[in-house]
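Inspection log for the structure reproduced underneath, given as structure tokens.
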Amino acid sequence: MDAFKIAAIAVFATASICHGQSCTLGSRSIEQAMRVAGGGDLAGARRLLERAEKECPLSFPIFKDLATKYRLLGDAQKADECETMANRLDPRNPGQRAVEAASQEKSFVREKWALVVGVGSFRKPGIPKLEFAAKDATDFAHALVDPSIGRFRDDGQHVRLLLDQEATLANIKEEINYISKNAREEDLVVFYLSSHGTSAAADAAANAEAQTGYIVTHDTDTSNLYGTAFPMEEMKHVVVDRVRARRVVTFLDTCFSGDTIKLAKGGKALSVVSETVFQGIAQGAGRIVVVSSRGTEQSWEGEGNSYFTKVLIDALRQKGGLPTITEVFTFLQPKVAYLVKKEKNANQSPQMWPEGLKLDIVIGTPIQ
């Protein structure tokens with residue numbers, strides 16, 4: 001590294017951005033990265049910048065600062081990625097402000113409804129079994145009705161649970177229809193699905209423009225996805241158009257990459273579903289989607305639960321069961337990534353849409 005660049009990095013090491021959602025941990029990591037880079041250790045500096053991303057996944061000033069620092073290090077591609085993320089997170093973006101304002105509304109919750117689906121065994125023998133998908137769904141449903149966590153009514157009507165053989169395509173649609181008929185605008189709806197996912201490219205019978213990823217149900221036939229699996233495009237239609245509730249949170253503990261035959265043991269997958277699908281589900285005020293991994297990653301099972309669901313339940317326990325969805329995700333993303341890397345030596349980074357907003361929906365909010 002030439003002396004001029006080292007000097008420039010040293011100057012920028014003390015720079016800060018004072019608007020938007022700040023993050024002290026990330027700022028410290030960036031400052032440390034620049035000091036390390038100033039000493040000539042570029043690889044160490046990049047590791048610290050990557051740590052800052054994980055520490056502050058929703059911070060506009062951090063990603064703006066990261067873009068500048070990566071350019072100083074000569075990594076234009078990474079700088080562009082961070083600049084794109086910063087633009088999405090920019091609180092001055094009028095569209096983002098409108099969605100944020102709507103999603104932050106603290107009007108009362110009249111009632112709460114949930115559909116929880118876990119599919120670990122499949123009718124077709126060629127689909128790999130998932131050891132903990134049904135348990136994941138059961139544990140998540142129990143967390144929802146726990147009076148110290150989710151505070152949903154524990155009456156069998158407001159939290160609908162489908163496991164394994166019950167989780168057919170027809171039954172899932174029937175339960176969605178039940179919630180659609182009963183949930184009103186002032187209600188909160190939660191969808192949770194744990195299963196395999198398929199890539200858009202797996203829908204070989206469709207034209208490229210019409211291909212969509214699918215959630216695999218108990219009765220899915222991988223040679224007839226259109227007729228037997230639940231399409232992500234329909235999930236978008238359900239959340240945006242069919243359910244009347246203004247607040248809908250969807251958790252997908254599945255992934256949409258990989259190969260059904262060459263699947264690594266302990267991973268969920270059946271190339272990649274476009275992020276625009278999830279962005280479509282999240283469109284409109286109060287529609288939030290949290291997925292267990294990036295489109296190029298597997299979602300992993302650990303001991304007793306998937307990593308995603310176990311940490312998700314822990315995240316919902318925060319603050320006496322009253323964390324906002326932003327607080328849930330800020331807890332969830334780095335911890336899942338850390339555990340999977342440590343125990344599986346693999347990458348798994350949960351994602352949330354809309355991105356970068358301070359979303360004040362509280363799943364555990366008491367019914368008023």
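Labels used: A, B, ... for chains in the order of the structure tokens, numbers from 1 for residues in each chain, and numbers from 1 for ligands as shown.
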
Can you tell me which residues surround range 179-195 of chain A at a distance of at most 6 Å, considering only C-alpha atoms, apart from same-chain residues fewer than 5 positions away, and format the answer as JSON, numbers by chain? {"A": [109, 110, 111, 112, 113, 114, 115, 116, 117, 118, 119, 133, 243, 244, 245, 246, 247, 248, 249, 250, 251, 252, 253, 254]}

Go ahead and write the selection's residues with C-alpha atoms as a PDB file, in the first residue's frame.
ATOM      1  CA  VAL A 109     -54.415  -4.577  18.402  1.00  0.00           C
ATOM      2  CA  ARG A 110     -57.965  -5.911  18.485  1.00  0.00           C
ATOM      3  CA  GLU A 111     -57.006  -9.549  17.967  1.00  0.00           C
ATOM      4  CA  LYS A 112     -54.070 -11.728  16.931  1.00  0.00           C
ATOM      5  CA  TRP A 113     -54.020 -14.683  14.532  1.00  0.00           C
ATOM      6  CA  ALA A 114     -51.289 -17.076  13.412  1.00  0.00           C
ATOM      7  CA  LEU A 115     -50.789 -19.959  11.020  1.00  0.00           C
ATOM      8  CA  VAL A 116     -47.795 -22.109  11.994  1.00  0.00           C
ATOM      9  CA  VAL A 117     -46.662 -24.852   9.610  1.00  0.00           C
ATOM     10  CA  GLY A 118     -43.872 -27.393  10.080  1.00  0.00           C
ATOM     11  CA  VAL A 119     -43.158 -30.070   7.481  1.00  0.00           C
ATOM     12  CA  ALA A 133     -39.228 -28.858  11.248  1.00  0.00           C
ATOM     13  CA  VAL A 243     -55.423 -10.702   4.528  1.00  0.00           C
ATOM     14  CA  ARG A 244     -57.098  -7.479   5.670  1.00  0.00           C
ATOM     15  CA  ALA A 245     -54.975  -6.972   8.798  1.00  0.00           C
ATOM     16  CA  ARG A 246     -52.674  -3.948   8.539  1.00  0.00           C
ATOM     17  CA  ARG A 247     -49.895  -5.778  10.381  1.00  0.00           C
ATOM     18  CA  VAL A 248     -48.683  -9.080   8.921  1.00  0.00           C
ATOM     19  CA  VAL A 249     -45.358 -10.680   9.885  1.00  0.00           C
ATOM     20  CA  THR A 250     -44.148 -13.697   7.897  1.00  0.00           C
ATOM     21  CA  PHE A 251     -41.315 -15.959   9.070  1.00  0.00           C
ATOM     22  CA  LEU A 252     -39.905 -18.434   6.547  1.00  0.00           C
ATOM     23  CA  ASP A 253     -37.543 -21.005   8.050  1.00  0.00           C
ATOM     24  CA  THR A 254     -36.587 -22.445   4.707  1.00  0.00           C
TER      25      THR A 254
END

Among the residues of range 35-201 of chain A, find those DSSP assigns to alpha helix (DSSP H) from the backbone and print them as a PyMOL selection string. chain A and resi 35-38+42-55+60-72+76-89+94-103+133-145+169-182

Which residue, A:Gly120, A:Pro231, A:Pro354, A:Gly38, has the smallest gap to Val290 in chain A when you use only C-alpha atoms? A:Pro354

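Computed from the coordinates, the CA of Lys236 in chain A to CA of Ile288 in chain A distance equals 11.1 Å.
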
Residue among A:Asp90, A:Glu166, A:Asp360, A:Glu301 lying closest to Val336 in chain A, counting only C-alpha atoms: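 With only C-alpha atoms as the atom set, the closest residue is A:Glu301.
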
DSSP strand (DSSP E) residues within range 281-319 of chain A, listed as a PyMOL selection string: chain A and resi 287-291+299-300

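What separates CA of Arg35 in chain A from CA of Leu66 in chain A is a distance of 14.3 Å.
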
Selection near Ala170 in chain A, 10 Å with only C-alpha atoms, sequence-local residues under 4 positions removed, as a PyMOL selection string: chain A and resi 166+174-176+217+219+228-230
